[in-house]
>>> print(open('protein-v1.txt').read())   # compact mmCIF, N, CA and C atoms
# COMPACT_ATOMS: atom_id res chain seq x y z
N MET E 1 -22.52 8.61 0.35
CA MET E 1 -21.50 7.59 0.43
C MET E 1 -20.49 7.75 -0.72
N HIS E 2 -21.00 8.03 -1.92
CA HIS E 2 -20.14 8.19 -3.08
C HIS E 2 -19.15 9.33 -2.86
N PHE E 3 -19.67 10.47 -2.49
CA PHE E 3 -18.84 11.65 -2.29
C PHE E 3 -17.85 11.46 -1.14
N CYS E 4 -18.32 10.95 -0.01
CA CYS E 4 -17.44 10.75 1.15
C CYS E 4 -16.31 9.76 0.84
N SER E 5 -16.62 8.71 0.11
CA SER E 5 -15.59 7.74 -0.26
C SER E 5 -14.56 8.37 -1.19
N ALA E 6 -15.01 9.20 -2.11
CA ALA E 6 -14.07 9.89 -3.01
C ALA E 6 -13.18 10.84 -2.22
N VAL E 7 -13.74 11.50 -1.21
CA VAL E 7 -12.95 12.41 -0.38
C VAL E 7 -11.87 11.65 0.37
N VAL E 8 -12.21 10.50 0.93
CA VAL E 8 -11.21 9.68 1.64
C VAL E 8 -10.08 9.30 0.69
N TRP E 9 -10.44 8.80 -0.47
CA TRP E 9 -9.46 8.32 -1.44
C TRP E 9 -8.57 9.46 -1.95
N VAL E 10 -9.18 10.49 -2.51
CA VAL E 10 -8.42 11.57 -3.13
C VAL E 10 -7.75 12.44 -2.06
N GLY E 11 -8.43 12.69 -0.96
CA GLY E 11 -7.82 13.48 0.11
C GLY E 11 -6.61 12.80 0.71
N GLY E 12 -6.69 11.49 0.84
CA GLY E 12 -5.54 10.74 1.35
C GLY E 12 -4.35 10.80 0.41
N MET E 13 -4.63 10.70 -0.89
CA MET E 13 -3.54 10.80 -1.86
C MET E 13 -2.92 12.20 -1.82
N PHE E 14 -3.75 13.22 -1.73
CA PHE E 14 -3.24 14.59 -1.67
C PHE E 14 -2.36 14.79 -0.45
N PHE E 15 -2.84 14.34 0.71
CA PHE E 15 -2.07 14.47 1.95
C PHE E 15 -0.72 13.75 1.82
N ALA E 16 -0.75 12.51 1.35
CA ALA E 16 0.48 11.73 1.25
C ALA E 16 1.47 12.39 0.29
N TYR E 17 0.98 12.85 -0.85
CA TYR E 17 1.87 13.38 -1.88
C TYR E 17 2.42 14.76 -1.53
N PHE E 18 1.56 15.64 -1.05
CA PHE E 18 1.96 17.03 -0.86
C PHE E 18 2.36 17.39 0.57
N CYS E 19 2.04 16.56 1.54
CA CYS E 19 2.35 16.88 2.94
C CYS E 19 3.34 15.89 3.56
N LEU E 20 2.96 14.61 3.60
CA LEU E 20 3.81 13.61 4.24
C LEU E 20 5.11 13.38 3.48
N ARG E 21 5.03 13.26 2.16
CA ARG E 21 6.22 12.98 1.36
C ARG E 21 7.32 14.02 1.55
N PRO E 22 7.03 15.32 1.40
CA PRO E 22 8.12 16.29 1.57
C PRO E 22 8.68 16.31 3.00
N ALA E 23 7.80 16.17 4.00
CA ALA E 23 8.27 16.21 5.39
C ALA E 23 9.13 14.99 5.71
N ALA E 24 8.68 13.82 5.32
CA ALA E 24 9.45 12.59 5.59
C ALA E 24 10.78 12.62 4.85
N GLY E 25 10.77 13.10 3.62
CA GLY E 25 12.01 13.17 2.84
C GLY E 25 13.02 14.14 3.43
N ARG E 26 12.53 15.20 4.03
CA ARG E 26 13.42 16.21 4.61
C ARG E 26 13.95 15.79 5.98
N LEU E 27 13.16 15.06 6.74
CA LEU E 27 13.51 14.81 8.14
C LEU E 27 14.06 13.42 8.44
N LEU E 28 13.80 12.46 7.57
CA LEU E 28 14.14 11.07 7.91
C LEU E 28 15.09 10.45 6.90
N GLU E 29 15.97 9.61 7.41
CA GLU E 29 16.85 8.81 6.57
C GLU E 29 16.05 7.63 6.01
N PRO E 30 16.52 7.02 4.92
CA PRO E 30 15.77 5.91 4.32
C PRO E 30 15.39 4.79 5.30
N ALA E 31 16.27 4.45 6.21
CA ALA E 31 15.97 3.36 7.16
C ALA E 31 14.80 3.69 8.08
N GLN E 32 14.50 4.97 8.28
CA GLN E 32 13.32 5.37 9.06
C GLN E 32 12.16 5.74 8.14
N ARG E 33 12.45 6.43 7.04
CA ARG E 33 11.41 6.94 6.14
C ARG E 33 10.64 5.82 5.46
N LEU E 34 11.34 4.81 4.95
CA LEU E 34 10.67 3.77 4.19
C LEU E 34 9.75 2.90 5.06
N PRO E 35 10.17 2.48 6.27
CA PRO E 35 9.21 1.78 7.13
C PRO E 35 8.01 2.65 7.54
N LEU E 36 8.24 3.95 7.71
CA LEU E 36 7.11 4.85 7.99
C LEU E 36 6.12 4.83 6.84
N TRP E 37 6.62 4.94 5.61
CA TRP E 37 5.74 4.88 4.45
C TRP E 37 5.02 3.54 4.37
N ARG E 38 5.75 2.48 4.63
CA ARG E 38 5.11 1.15 4.57
C ARG E 38 3.97 1.06 5.56
N ALA E 39 4.22 1.47 6.80
CA ALA E 39 3.18 1.40 7.84
C ALA E 39 2.00 2.33 7.51
N THR E 40 2.31 3.52 7.00
CA THR E 40 1.26 4.47 6.63
C THR E 40 0.42 3.91 5.49
N LEU E 41 1.08 3.39 4.47
CA LEU E 41 0.34 2.86 3.32
C LEU E 41 -0.43 1.59 3.68
N ASP E 42 0.10 0.79 4.60
CA ASP E 42 -0.66 -0.39 5.07
C ASP E 42 -2.05 0.04 5.54
N ARG E 43 -2.09 1.07 6.36
CA ARG E 43 -3.37 1.54 6.91
C ARG E 43 -4.19 2.28 5.86
N PHE E 44 -3.54 3.19 5.13
CA PHE E 44 -4.25 3.99 4.14
C PHE E 44 -4.89 3.12 3.06
N PHE E 45 -4.16 2.12 2.60
CA PHE E 45 -4.69 1.28 1.53
C PHE E 45 -5.89 0.45 1.99
N LEU E 46 -5.97 0.11 3.25
CA LEU E 46 -7.18 -0.59 3.74
C LEU E 46 -8.39 0.32 3.64
N PHE E 47 -8.24 1.56 4.11
CA PHE E 47 -9.35 2.53 3.99
C PHE E 47 -9.66 2.80 2.52
N THR E 48 -8.63 2.93 1.72
CA THR E 48 -8.81 3.23 0.31
C THR E 48 -9.51 2.09 -0.42
N ALA E 49 -9.16 0.87 -0.09
CA ALA E 49 -9.81 -0.27 -0.74
C ALA E 49 -11.32 -0.24 -0.50
N VAL E 50 -11.72 0.06 0.72
CA VAL E 50 -13.15 0.17 1.04
C VAL E 50 -13.76 1.35 0.29
N ALA E 51 -13.06 2.47 0.28
CA ALA E 51 -13.56 3.66 -0.42
C ALA E 51 -13.73 3.40 -1.91
N VAL E 52 -12.76 2.71 -2.53
CA VAL E 52 -12.84 2.42 -3.96
C VAL E 52 -14.07 1.54 -4.25
N VAL E 53 -14.30 0.55 -3.42
CA VAL E 53 -15.48 -0.30 -3.61
C VAL E 53 -16.75 0.54 -3.50
N PHE E 54 -16.83 1.40 -2.48
CA PHE E 54 -18.02 2.24 -2.32
C PHE E 54 -18.20 3.19 -3.51
N VAL E 55 -17.11 3.79 -3.99
CA VAL E 55 -17.22 4.70 -5.14
C VAL E 55 -17.73 3.94 -6.37
N LEU E 56 -17.15 2.79 -6.64
CA LEU E 56 -17.55 2.04 -7.82
C LEU E 56 -18.99 1.52 -7.71
N VAL E 57 -19.35 1.00 -6.54
CA VAL E 57 -20.70 0.46 -6.37
C VAL E 57 -21.74 1.58 -6.40
N SER E 58 -21.50 2.66 -5.67
CA SER E 58 -22.48 3.74 -5.65
C SER E 58 -22.57 4.44 -7.00
N GLY E 59 -21.42 4.66 -7.65
CA GLY E 59 -21.44 5.26 -8.98
C GLY E 59 -22.14 4.37 -10.00
N GLY E 60 -21.82 3.08 -9.94
CA GLY E 60 -22.48 2.13 -10.83
C GLY E 60 -23.97 2.06 -10.61
N SER E 61 -24.38 2.15 -9.35
CA SER E 61 -25.80 2.13 -9.02
C SER E 61 -26.52 3.35 -9.59
N MET E 62 -25.89 4.53 -9.47
CA MET E 62 -26.49 5.74 -10.04
C MET E 62 -26.60 5.64 -11.56
N LEU E 63 -25.57 5.07 -12.19
CA LEU E 63 -25.61 4.91 -13.64
C LEU E 63 -26.68 3.90 -14.06
N LEU E 64 -26.84 2.83 -13.31
CA LEU E 64 -27.87 1.84 -13.63
C LEU E 64 -29.26 2.44 -13.50
N ASP E 65 -29.46 3.26 -12.46
CA ASP E 65 -30.76 3.89 -12.27
C ASP E 65 -31.12 4.80 -13.44
N THR E 66 -30.14 5.50 -13.95
CA THR E 66 -30.37 6.45 -15.04
C THR E 66 -30.25 5.78 -16.40
N GLY E 67 -29.38 4.82 -16.48
CA GLY E 67 -29.04 4.20 -17.77
C GLY E 67 -27.82 4.91 -18.34
N PHE E 68 -26.81 4.12 -18.71
CA PHE E 68 -25.55 4.71 -19.17
C PHE E 68 -25.78 5.65 -20.35
N ALA E 69 -26.60 5.24 -21.31
CA ALA E 69 -26.84 6.05 -22.51
C ALA E 69 -27.56 7.36 -22.19
N MET E 70 -28.37 7.37 -21.14
CA MET E 70 -29.14 8.56 -20.78
C MET E 70 -28.43 9.43 -19.75
N ALA E 71 -27.36 8.93 -19.19
CA ALA E 71 -26.63 9.68 -18.15
C ALA E 71 -25.93 10.87 -18.78
N PRO E 72 -25.79 11.94 -18.01
CA PRO E 72 -25.03 13.10 -18.52
C PRO E 72 -23.60 12.67 -18.88
N ILE E 73 -23.02 13.37 -19.82
CA ILE E 73 -21.66 13.04 -20.28
C ILE E 73 -20.67 13.06 -19.12
N GLY E 74 -20.87 13.99 -18.17
CA GLY E 74 -19.99 14.07 -17.01
C GLY E 74 -20.01 12.79 -16.19
N TRP E 75 -21.17 12.18 -16.07
CA TRP E 75 -21.28 10.92 -15.33
C TRP E 75 -20.53 9.82 -16.06
N ARG E 76 -20.67 9.81 -17.37
CA ARG E 76 -19.97 8.78 -18.15
C ARG E 76 -18.46 8.97 -18.05
N LEU E 77 -18.02 10.22 -18.10
CA LEU E 77 -16.59 10.50 -17.93
C LEU E 77 -16.11 10.07 -16.54
N MET E 78 -16.91 10.39 -15.53
CA MET E 78 -16.55 9.97 -14.17
C MET E 78 -16.43 8.46 -14.09
N SER E 79 -17.31 7.75 -14.75
CA SER E 79 -17.28 6.29 -14.73
C SER E 79 -15.99 5.76 -15.35
N VAL E 80 -15.61 6.30 -16.49
CA VAL E 80 -14.39 5.85 -17.16
C VAL E 80 -13.15 6.23 -16.35
N LEU E 81 -13.09 7.50 -15.91
CA LEU E 81 -11.92 7.96 -15.15
C LEU E 81 -11.82 7.24 -13.81
N GLY E 82 -12.95 7.06 -13.13
CA GLY E 82 -12.95 6.36 -11.85
C GLY E 82 -12.53 4.91 -12.00
N SER E 83 -12.95 4.27 -13.08
CA SER E 83 -12.53 2.89 -13.33
C SER E 83 -11.03 2.81 -13.58
N LEU E 84 -10.50 3.77 -14.33
CA LEU E 84 -9.06 3.82 -14.57
C LEU E 84 -8.30 4.06 -13.26
N MET E 85 -8.79 4.97 -12.45
CA MET E 85 -8.17 5.22 -11.14
C MET E 85 -8.19 3.96 -10.28
N ALA E 86 -9.30 3.24 -10.30
CA ALA E 86 -9.41 2.02 -9.51
C ALA E 86 -8.43 0.97 -10.01
N ALA E 87 -8.25 0.87 -11.32
CA ALA E 87 -7.28 -0.09 -11.88
C ALA E 87 -5.86 0.26 -11.44
N ILE E 88 -5.54 1.54 -11.45
CA ILE E 88 -4.22 1.98 -10.98
C ILE E 88 -4.06 1.65 -9.50
N PHE E 89 -5.09 1.93 -8.71
CA PHE E 89 -5.03 1.60 -7.28
C PHE E 89 -4.81 0.11 -7.08
N LEU E 90 -5.53 -0.73 -7.82
CA LEU E 90 -5.37 -2.18 -7.66
C LEU E 90 -3.95 -2.62 -7.98
N TYR E 91 -3.36 -2.04 -9.00
CA TYR E 91 -1.98 -2.36 -9.34
C TYR E 91 -1.03 -1.93 -8.22
N VAL E 92 -1.22 -0.70 -7.74
CA VAL E 92 -0.36 -0.20 -6.66
C VAL E 92 -0.51 -1.07 -5.42
N TYR E 93 -1.75 -1.32 -5.01
CA TYR E 93 -2.02 -2.07 -3.79
C TYR E 93 -1.60 -3.54 -3.91
N GLY E 94 -1.94 -4.15 -5.04
CA GLY E 94 -1.70 -5.58 -5.18
C GLY E 94 -0.29 -5.97 -5.58
N ILE E 95 0.42 -5.06 -6.22
CA ILE E 95 1.75 -5.43 -6.72
C ILE E 95 2.86 -4.56 -6.13
N VAL E 96 2.78 -3.27 -6.34
CA VAL E 96 3.89 -2.39 -5.94
C VAL E 96 4.00 -2.28 -4.42
N HIS E 97 2.87 -2.18 -3.74
CA HIS E 97 2.90 -2.09 -2.28
C HIS E 97 3.47 -3.37 -1.66
N ARG E 98 3.14 -4.50 -2.23
CA ARG E 98 3.72 -5.77 -1.73
C ARG E 98 5.23 -5.77 -1.90
N ARG E 99 5.69 -5.22 -3.02
CA ARG E 99 7.13 -5.11 -3.25
C ARG E 99 7.77 -4.20 -2.20
N LEU E 100 7.14 -3.07 -1.91
CA LEU E 100 7.63 -2.16 -0.88
C LEU E 100 7.71 -2.88 0.46
N ARG E 101 6.69 -3.61 0.83
CA ARG E 101 6.68 -4.33 2.10
C ARG E 101 7.81 -5.35 2.16
N ARG E 102 7.95 -6.12 1.09
CA ARG E 102 8.99 -7.16 1.05
C ARG E 102 10.39 -6.54 1.19
N HIS E 103 10.64 -5.46 0.48
CA HIS E 103 11.96 -4.82 0.54
C HIS E 103 12.20 -4.16 1.90
N CYS E 104 11.17 -3.60 2.51
CA CYS E 104 11.33 -3.03 3.85
C CYS E 104 11.65 -4.12 4.87
N GLU E 105 10.96 -5.25 4.77
CA GLU E 105 11.22 -6.36 5.69
C GLU E 105 12.65 -6.87 5.56
N ALA E 106 13.21 -6.80 4.35
CA ALA E 106 14.58 -7.27 4.11
C ALA E 106 15.60 -6.15 4.31
N ALA E 107 15.14 -4.96 4.70
CA ALA E 107 16.01 -3.78 4.85
C ALA E 107 16.78 -3.49 3.56
N ALA E 108 16.17 -3.77 2.43
CA ALA E 108 16.75 -3.48 1.12
C ALA E 108 16.29 -2.08 0.72
N TRP E 109 16.92 -1.08 1.31
CA TRP E 109 16.44 0.30 1.19
C TRP E 109 16.44 0.83 -0.23
N PRO E 110 17.44 0.59 -1.06
CA PRO E 110 17.36 1.09 -2.44
C PRO E 110 16.17 0.50 -3.23
N ASP E 111 15.92 -0.80 -3.03
CA ASP E 111 14.79 -1.44 -3.71
C ASP E 111 13.46 -0.93 -3.15
N ALA E 112 13.41 -0.74 -1.84
CA ALA E 112 12.20 -0.18 -1.22
C ALA E 112 11.94 1.23 -1.74
N ALA E 113 13.01 2.02 -1.86
CA ALA E 113 12.87 3.39 -2.37
C ALA E 113 12.37 3.37 -3.81
N SER E 114 12.82 2.43 -4.59
CA SER E 114 12.36 2.30 -5.97
C SER E 114 10.87 1.98 -6.03
N ALA E 115 10.42 1.07 -5.19
CA ALA E 115 8.99 0.74 -5.13
C ALA E 115 8.18 1.94 -4.68
N LEU E 116 8.66 2.64 -3.67
CA LEU E 116 7.95 3.82 -3.19
C LEU E 116 7.89 4.89 -4.27
N ASN E 117 8.95 5.04 -5.03
CA ASN E 117 8.96 6.02 -6.12
C ASN E 117 7.94 5.66 -7.19
N GLU E 118 7.78 4.37 -7.47
CA GLU E 118 6.75 3.95 -8.42
C GLU E 118 5.36 4.27 -7.89
N ILE E 119 5.15 4.04 -6.59
CA ILE E 119 3.87 4.41 -5.98
C ILE E 119 3.65 5.91 -6.11
N ARG E 120 4.68 6.70 -5.85
CA ARG E 120 4.56 8.16 -5.94
C ARG E 120 4.14 8.58 -7.34
N ARG E 121 4.76 8.01 -8.36
CA ARG E 121 4.41 8.38 -9.74
C ARG E 121 2.96 8.01 -10.06
N LEU E 122 2.53 6.85 -9.62
CA LEU E 122 1.17 6.42 -9.91
C LEU E 122 0.14 7.21 -9.11
N VAL E 123 0.49 7.63 -7.90
CA VAL E 123 -0.39 8.51 -7.14
C VAL E 123 -0.52 9.85 -7.86
N ALA E 124 0.56 10.36 -8.42
CA ALA E 124 0.49 11.61 -9.19
C ALA E 124 -0.47 11.46 -10.37
N VAL E 125 -0.40 10.33 -11.06
CA VAL E 125 -1.32 10.08 -12.17
C VAL E 125 -2.76 10.05 -11.65
N ASN E 126 -2.98 9.35 -10.53
CA ASN E 126 -4.34 9.27 -10.00
C ASN E 126 -4.84 10.63 -9.51
N LEU E 127 -3.96 11.46 -8.99
CA LEU E 127 -4.38 12.81 -8.59
C LEU E 127 -4.80 13.63 -9.81
N LEU E 128 -4.08 13.50 -10.90
CA LEU E 128 -4.46 14.19 -12.13
C LEU E 128 -5.80 13.67 -12.65
N LEU E 129 -5.97 12.36 -12.65
CA LEU E 129 -7.26 11.78 -13.07
C LEU E 129 -8.39 12.22 -12.13
N ALA E 130 -8.09 12.33 -10.84
CA ALA E 130 -9.10 12.79 -9.88
C ALA E 130 -9.53 14.22 -10.18
N ALA E 131 -8.57 15.07 -10.53
CA ALA E 131 -8.91 16.46 -10.88
C ALA E 131 -9.82 16.48 -12.11
N CYS E 132 -9.53 15.64 -13.08
CA CYS E 132 -10.39 15.56 -14.26
C CYS E 132 -11.77 15.03 -13.90
N THR E 133 -11.83 14.08 -12.98
CA THR E 133 -13.10 13.51 -12.54
C THR E 133 -13.94 14.57 -11.83
N VAL E 134 -13.31 15.35 -10.98
CA VAL E 134 -14.03 16.43 -10.28
C VAL E 134 -14.55 17.46 -11.30
N ALA E 135 -13.73 17.78 -12.29
CA ALA E 135 -14.18 18.70 -13.34
C ALA E 135 -15.38 18.12 -14.08
N ALA E 136 -15.33 16.83 -14.40
CA ALA E 136 -16.46 16.18 -15.08
C ALA E 136 -17.71 16.27 -14.23
N ALA E 137 -17.57 16.07 -12.93
CA ALA E 137 -18.71 16.15 -12.03
C ALA E 137 -19.26 17.57 -11.98
N ALA E 138 -18.37 18.54 -11.89
CA ALA E 138 -18.79 19.93 -11.76
C ALA E 138 -19.50 20.42 -13.03
N PHE E 139 -19.05 19.97 -14.18
CA PHE E 139 -19.61 20.45 -15.43
C PHE E 139 -20.75 19.59 -15.95
N SER E 140 -21.13 18.55 -15.21
CA SER E 140 -22.19 17.67 -15.69
C SER E 140 -23.58 18.14 -15.27
N ARG E 141 -23.64 19.22 -14.55
CA ARG E 141 -24.94 19.70 -14.05
C ARG E 141 -25.59 20.64 -15.02
>>> encode(input="protein-v1.txt", output="structure tokens")
Amino acid sequence: MHFCSAVVWVGGMFFAYFCLRPAAGRLLEPAQRLPLWRATLDRFFLFTAVAVVFVLVSGGSMLLDTGFAMAPIGWRLMSVLGSLMAAIFLYVYGIVHRRLRRHCEAAAWPDAASALNEIRRLVAVNLLLAACTVAAAAFSR
């Protein structure tokens, strides 16, 4: 469950950042592109919210079973990095995504684009943190 949830979360961010973003930017005008992003993120963030809960609960459970002090350093790093990623996700989902939705509903395309750009920057940060988390997992054995 832990691994599958991480794949959903990180794989979705990778797809959105490296595949959907360039294609939508090249093919669609803001009036079409921004509502597409809003609808896509509406669905993705629901799956991601569940995945984040599963990652945190399953990771926390593994740490409790072992004990934080006795856990390998990689596990402790994963715990810190995963918590930071979850905090970033909560900010994006709870604040910035709501702003994107509100601006799309009002057809305020420049403001919607600004919100989407903030989401893009924070997804880039989370992808970097995810790479560090994977490295921590790989080197903790």
>>> atom_distance(input="protein-v1.txt", atom1="CA of Leu28 (chain E)", atom2="atom N of Val92 (chain E)")
24.9 Å
>>> closest_residue(input="protein-v1.txt", among="E:Ala136, E:Met62, E:Ile88, E:Ala107", to="Val123 (chain E)", atoms="only N, CA and C atoms")
E:Ile88
>>> axis_aligned_box(input="protein-v1.txt", around="region 119-130 of chain E", padding_each_side="6 Å", output="JSON")
{"center_x": -2.2, "center_y": 9.1, "center_z": -9.5, "size_x": 26.7, "size_y": 22.2, "size_z": 19.2}
>>> closest_residue(input="protein-v1.txt", among="E:Leu41, E:Leu63, E:Ala49, E:Ala113", to="Phe15 (chain E)", atoms="only C-alpha atoms")
E:Leu41
>>> atom_distance(input="protein-v1.txt", atom1="CA of Arg26 (chain E)", atom2="CA of Phe89 (chain E)")
26.4 Å
>>> closest_residue(input="protein-v1.txt", among="E:Ile73, E:Met85, E:Val10, E:Leu127", to="Ser140 (chain E)", atoms="all atoms listed in the file")
E:Ile73
>>> closest_atom_pairs(input="protein-v1.txt", of="region 82-113 of chain E", to="region 56-60 of chain E", cutoff="9 Å", atoms="only C-alpha atoms", output="tab-separated table")
residue	atom	partner	partner_atom	distance
E:Gly82	CA	E:Leu56	CA	7.5
E:Ser83	CA	E:Leu56	CA	7.5
E:Ala86	CA	E:Leu56	CA	8.3
